[in-house]
$ cat structure-v9.json   # JSON, C-alpha atoms
[["chain", "number", "residue", "atom", "x", "y", "z"],
["T", 201, "GLN", "CA", 111.37, 240.06, 193.35],
["T", 202, "LEU", "CA", 111.74, 242.36, 190.35],
["T", 203, "THR", "CA", 115.14, 243.59, 189.18],
["T", 204, "TRP", "CA", 116.10, 245.82, 186.26],
["T", 205, "THR", "CA", 119.02, 247.69, 184.74],
["T", 206, "THR", "CA", 119.18, 251.48, 184.82],
["T", 207, "PRO", "CA", 118.65, 252.78, 181.26],
["T", 208, "ALA", "CA", 121.13, 255.16, 179.63],
["T", 209, "GLN", "CA", 120.36, 258.72, 180.63],
["T", 210, "GLY", "CA", 121.55, 262.22, 179.97],
["T", 211, "SER", "CA", 123.03, 264.15, 182.86],
["T", 212, "ALA", "CA", 120.59, 267.03, 182.28],
["T", 213, "ASP", "CA", 117.58, 264.93, 183.30],
["T", 214, "PRO", "CA", 118.53, 262.27, 185.85],
["T", 215, "ILE", "CA", 116.31, 259.35, 186.85],
["T", 216, "VAL", "CA", 114.61, 259.96, 190.19],
["T", 217, "GLY", "CA", 112.52, 256.79, 190.40],
["T", 218, "TYR", "CA", 110.57, 254.12, 188.59],
["T", 219, "ARG", "CA", 106.89, 253.44, 187.91],
["T", 220, "ILE", "CA", 105.95, 249.75, 188.08],
["T", 221, "SER", "CA", 102.66, 248.66, 186.54],
["T", 222, "ARG", "CA", 101.20, 245.34, 187.68],
["T", 223, "GLY", "CA", 98.20, 243.23, 186.69],
["T", 224, "THR", "CA", 96.90, 239.68, 186.63],
["T", 225, "SER", "CA", 96.72, 239.62, 182.83],
["T", 226, "SER", "CA", 99.08, 240.99, 180.21],
["T", 227, "GLY", "CA", 96.41, 243.33, 178.89],
["T", 228, "SER", "CA", 95.32, 244.80, 182.22],
["T", 229, "LEU", "CA", 98.09, 246.39, 184.27],
["T", 230, "ALA", "CA", 95.86, 248.36, 186.63],
["T", 231, "THR", "CA", 98.06, 248.79, 189.71],
["T", 232, "THR", "CA", 100.80, 251.44, 189.69],
["T", 233, "ILE", "CA", 103.64, 251.43, 192.21],
["T", 234, "ASN", "CA", 106.19, 254.26, 192.36],
["T", 235, "VAL", "CA", 109.60, 253.50, 193.83],
["T", 236, "GLY", "CA", 112.76, 255.53, 194.26],
["T", 237, "SER", "CA", 115.96, 255.32, 192.25],
["T", 238, "VAL", "CA", 116.56, 251.61, 192.93],
["T", 239, "ASN", "CA", 117.07, 248.55, 190.73],
["T", 240, "ALA", "CA", 114.94, 246.03, 192.63],
["T", 241, "TYR", "CA", 111.51, 245.77, 194.20],
["T", 242, "ARG", "CA", 109.88, 242.99, 196.19],
["T", 243, "ASP", "CA", 106.16, 242.99, 195.52],
["T", 244, "SER", "CA", 104.58, 241.84, 198.78],
["T", 245, "ALA", "CA", 100.99, 242.74, 197.80],
["T", 246, "THR", "CA", 100.40, 239.56, 195.82],
["T", 247, "SER", "CA", 98.51, 236.30, 196.33],
["T", 248, "ARG", "CA", 100.33, 232.98, 196.34],
["T", 249, "GLY", "CA", 99.98, 230.99, 193.12],
["T", 250, "VAL", "CA", 98.68, 233.91, 191.04],
["T", 251, "THR", "CA", 100.56, 234.98, 187.90],
["T", 252, "TYR", "CA", 101.32, 238.72, 187.79],
["T", 253, "TRP", "CA", 102.46, 240.77, 184.81],
["T", 254, "TYR", "CA", 104.74, 243.81, 185.11],
["T", 255, "ARG", "CA", 106.13, 246.74, 183.11],
["T", 256, "ILE", "CA", 108.58, 249.34, 184.38],
["T", 257, "ALA", "CA", 109.26, 252.92, 183.25],
["T", 258, "ALA", "CA", 111.89, 255.34, 184.50],
["T", 259, "LEU", "CA", 110.79, 258.68, 185.99],
["T", 260, "PHE", "CA", 113.01, 261.68, 185.27],
["T", 261, "ARG", "CA", 113.50, 264.81, 187.38],
["T", 262, "SER", "CA", 111.78, 266.91, 184.69],
["T", 263, "GLY", "CA", 108.60, 264.87, 185.13],
["T", 264, "ALA", "CA", 109.10, 262.96, 181.89],
["T", 265, "THR", "CA", 108.67, 259.18, 181.78],
["T", 266, "SER", "CA", 110.72, 256.75, 179.70],
["T", 267, "ALA", "CA", 109.26, 254.21, 177.33],
["T", 268, "VAL", "CA", 107.95, 251.18, 179.20],
["T", 269, "SER", "CA", 109.88, 247.95, 179.46],
["T", 270, "ASN", "CA", 108.88, 244.69, 177.85],
["T", 271, "LEU", "CA", 106.28, 242.70, 179.75],
["T", 272, "ALA", "CA", 107.56, 240.31, 182.42],
["T", 273, "SER", "CA", 105.56, 237.82, 184.42],
["T", 274, "GLY", "CA", 105.97, 235.65, 187.47],
["T", 275, "VAL", "CA", 103.97, 233.45, 189.83],
["T", 276, "ALA", "CA", 103.73, 234.74, 193.40],
["T", 277, "LYS", "CA", 105.21, 232.47, 196.07]]
$ encode --input "structure-v9.json" --output "structure tokens"
Amino acid sequence: QLTWTTPAQGSADPIVGYRISRGTSSGSLATTINVGSVNAYRDSATSRGVTYWYRIAALFRSGATSAVSNLASGVAK
């Protein structure tokens, strides 16, 4: 289960979703998952016991993308 805090945003360009990047090593985040304007995501496409690495970026209505988050990792259950 991933959770995050909505970043500060200007009213002229609201957040419309998030792009989650996932990989099995910190240097290879090959899978991209787009979600709506939520603050949590349960990644069910994982294998038990494998460590996954994630980064998240906000997607704005204009099509712009925020800077990516710090790396986070977790072991799938």
$ closest_residue --input "structure-v9.json" --among "T:Ser262, T:Thr205, T:Ser273, T:Ser221" --to "Val235 in chain T" --atoms "all atoms listed in the file"
T:Ser221
$ residues_around --input "structure-v9.json" --residues "range 242-246 of chain T" --least-positions-apart "4" --cutoff "8 Å" --atoms "all atoms listed in the file" --output "NGL selection string"
:T and (201-202 or 250 or 276)
$ residues_around --input "structure-v9.json" --residues "Val268 in chain T" --least-positions-apart "6" --cutoff "7 Å" --atoms "only C-alpha atoms" --output "PDB file with C-alpha atoms, in the coordinates of the input"
ATOM      1  CA  ARG T 255     106.130 246.740 183.110  1.00  0.00           C
ATOM      2  CA  ILE T 256     108.580 249.340 184.380  1.00  0.00           C
ATOM      3  CA  ALA T 257     109.260 252.920 183.250  1.00  0.00           C
TER       4      ALA T 257
END
$ closest_residue --input "structure-v9.json" --among "T:Pro214, T:Ser247, T:Trp253, T:Pro207" --to "Thr231 in chain T" --atoms "all atoms listed in the file"
T:Trp253
$ atom_distance --input "structure-v9.json" --atom1 "CA of Arg222 in chain T" --atom2 "CA of Gly263 in chain T"
21.0 Å
$ atom_distance --input "structure-v9.json" --atom1 "CA of Val275 in chain T" --atom2 "CA of Tyr218 in chain T"
21.7 Å
$ atom_distance --input "structure-v9.json" --atom1 "CA of Phe260 in chain T" --atom2 "CA of Gly236 in chain T"
10.9 Å
$ residues_around --input "structure-v9.json" --residues "Ala230 in chain T" --least-positions-apart "2" --cutoff "12 Å" --atoms "only C-alpha atoms" --output "mmCIF file with C-alpha atoms, in the frame of the given file"
data_model
loop_
_atom_site.group_PDB
_atom_site.id
_atom_site.type_symbol
_atom_site.label_atom_id
_atom_site.label_comp_id
_atom_site.auth_asym_id
_atom_site.auth_seq_id
_atom_site.Cartn_x
_atom_site.Cartn_y
_atom_site.Cartn_z
ATOM 1 C CA ILE T 220 105.950 249.750 188.080
ATOM 2 C CA SER T 221 102.660 248.660 186.540
ATOM 3 C CA ARG T 222 101.200 245.340 187.680
ATOM 4 C CA GLY T 223 98.200 243.230 186.690
ATOM 5 C CA THR T 224 96.900 239.680 186.630
ATOM 6 C CA SER T 225 96.720 239.620 182.830
ATOM 7 C CA SER T 226 99.080 240.990 180.210
ATOM 8 C CA GLY T 227 96.410 243.330 178.890
ATOM 9 C CA SER T 228 95.320 244.800 182.220
ATOM 10 C CA THR T 232 100.800 251.440 189.690
ATOM 11 C CA ILE T 233 103.640 251.430 192.210
ATOM 12 C CA TYR T 252 101.320 238.720 187.790
ATOM 13 C CA TRP T 253 102.460 240.770 184.810
ATOM 14 C CA TYR T 254 104.740 243.810 185.110
ATOM 15 C CA ARG T 255 106.130 246.740 183.110
#
$ closest_residue --input "structure-v9.json" --among "T:Ile215, T:Arg248, T:Lys277, T:Ala240" --to "Thr203 in chain T" --atoms "all atoms listed in the file"
T:Ala240
$ residues_around --input "structure-v9.json" --residues "Arg261 in chain T" --least-positions-apart "2" --cutoff "12 Å" --atoms "only C-alpha atoms" --output "ChimeraX atom specification"
/T:209-218,236-237,258-259,263-266
$ decode --input "structure-v9.json" --residues "range 232-245 of chain T" --atoms "all heavy atoms" --output "tab-separated table (two decimals), in the first residue's frame"
chain	number	residue	atom	x	y	z
T	232	THR	N	5.15	1.93	-15.29
T	232	THR	CA	4.48	3.19	-14.97
T	232	THR	C	2.99	2.92	-14.78
T	232	THR	O	2.36	2.27	-15.61
T	232	THR	CB	4.68	4.21	-16.11
T	232	THR	OG1	6.07	4.43	-16.28
T	232	THR	CG2	3.99	5.52	-15.79
T	233	ILE	N	2.46	3.43	-13.70
T	233	ILE	CA	1.04	3.27	-13.35
T	233	ILE	C	0.47	4.67	-13.18
T	233	ILE	O	0.99	5.46	-12.39
T	233	ILE	CB	0.89	2.47	-12.04
T	233	ILE	CG1	1.62	1.13	-12.14
T	233	ILE	CG2	-0.58	2.30	-11.68
T	233	ILE	CD1	2.03	0.56	-10.80
T	234	ASN	N	-0.59	5.00	-13.90
T	234	ASN	CA	-1.26	6.29	-13.72
T	234	ASN	C	-2.52	6.08	-12.90
T	234	ASN	O	-3.29	5.16	-13.17
T	234	ASN	CB	-1.61	6.91	-15.07
T	234	ASN	CG	-0.38	7.40	-15.81
T	234	ASN	OD1	0.59	7.82	-15.21
T	234	ASN	ND2	-0.42	7.33	-17.11
T	235	VAL	N	-2.70	6.91	-11.89
T	235	VAL	CA	-3.89	6.85	-11.05
T	235	VAL	C	-4.51	8.23	-11.00
T	235	VAL	O	-3.89	9.22	-11.35
T	235	VAL	CB	-3.56	6.34	-9.62
T	235	VAL	CG1	-3.01	4.92	-9.67
T	235	VAL	CG2	-2.58	7.26	-8.91
T	236	GLY	N	-5.74	8.29	-10.55
T	236	GLY	CA	-6.46	9.55	-10.45
T	236	GLY	C	-5.95	10.40	-9.29
T	236	GLY	O	-4.91	10.13	-8.71
T	237	SER	N	-6.72	11.40	-8.95
T	237	SER	CA	-6.36	12.34	-7.89
T	237	SER	C	-6.68	11.72	-6.54
T	237	SER	O	-7.66	12.06	-5.88
T	237	SER	CB	-7.11	13.65	-8.09
T	237	SER	OG	-6.65	14.60	-7.16
T	238	VAL	N	-5.85	10.78	-6.13
T	238	VAL	CA	-5.99	10.04	-4.87
T	238	VAL	C	-4.70	10.17	-4.08
T	238	VAL	O	-3.71	10.69	-4.58
T	238	VAL	CB	-6.32	8.55	-5.15
T	238	VAL	CG1	-7.65	8.41	-5.86
T	238	VAL	CG2	-5.21	7.89	-5.97
T	239	ASN	N	-4.69	9.71	-2.86
T	239	ASN	CA	-3.48	9.76	-2.04
T	239	ASN	C	-3.04	8.38	-1.55
T	239	ASN	O	-2.28	8.27	-0.58
T	239	ASN	CB	-3.67	10.68	-0.85
T	239	ASN	CG	-3.78	12.12	-1.29
T	239	ASN	OD1	-4.88	12.65	-1.34
T	239	ASN	ND2	-2.68	12.72	-1.66
T	240	ALA	N	-3.53	7.33	-2.21
T	240	ALA	CA	-3.14	5.97	-1.86
T	240	ALA	C	-3.32	5.06	-3.06
T	240	ALA	O	-4.16	5.31	-3.92
T	240	ALA	CB	-3.98	5.47	-0.69
T	241	TYR	N	-2.51	4.02	-3.09
T	241	TYR	CA	-2.61	3.02	-4.17
T	241	TYR	C	-2.12	1.69	-3.64
T	241	TYR	O	-1.06	1.61	-3.02
T	241	TYR	CB	-1.75	3.45	-5.36
T	241	TYR	CG	-1.70	2.43	-6.47
T	241	TYR	CD1	-2.79	2.25	-7.32
T	241	TYR	CD2	-0.58	1.63	-6.64
T	241	TYR	CE1	-2.75	1.30	-8.33
T	241	TYR	CE2	-0.54	0.67	-7.65
T	241	TYR	CZ	-1.63	0.52	-8.49
T	241	TYR	OH	-1.59	-0.42	-9.48
T	242	ARG	N	-2.90	0.66	-3.85
T	242	ARG	CA	-2.50	-0.70	-3.48
T	242	ARG	C	-2.00	-1.39	-4.73
T	242	ARG	O	-2.77	-1.61	-5.67
T	242	ARG	CB	-3.66	-1.49	-2.86
T	242	ARG	CG	-3.23	-2.90	-2.44
T	242	ARG	CD	-4.33	-3.66	-1.76
T	242	ARG	NE	-4.76	-3.02	-0.53
T	242	ARG	CZ	-4.16	-3.17	0.65
T	242	ARG	NH1	-3.09	-3.92	0.75
T	242	ARG	NH2	-4.62	-2.57	1.71
T	243	ASP	N	-0.73	-1.71	-4.74
T	243	ASP	CA	-0.11	-2.35	-5.91
T	243	ASP	C	-0.32	-3.86	-5.81
T	243	ASP	O	0.35	-4.54	-5.05
T	243	ASP	CB	1.37	-2.00	-5.96
T	243	ASP	CG	2.02	-2.40	-7.27
T	243	ASP	OD1	1.36	-3.05	-8.09
T	243	ASP	OD2	3.20	-2.06	-7.46
T	244	SER	N	-1.25	-4.37	-6.57
T	244	SER	CA	-1.58	-5.80	-6.52
T	244	SER	C	-0.86	-6.61	-7.59
T	244	SER	O	-1.03	-7.82	-7.67
T	244	SER	CB	-3.10	-5.99	-6.64
T	244	SER	OG	-3.54	-5.45	-7.86
T	245	ALA	N	-0.04	-5.97	-8.41
T	245	ALA	CA	0.69	-6.66	-9.48
T	245	ALA	C	2.13	-6.93	-9.06
T	245	ALA	O	3.07	-6.63	-9.78
T	245	ALA	CB	0.63	-5.85	-10.77
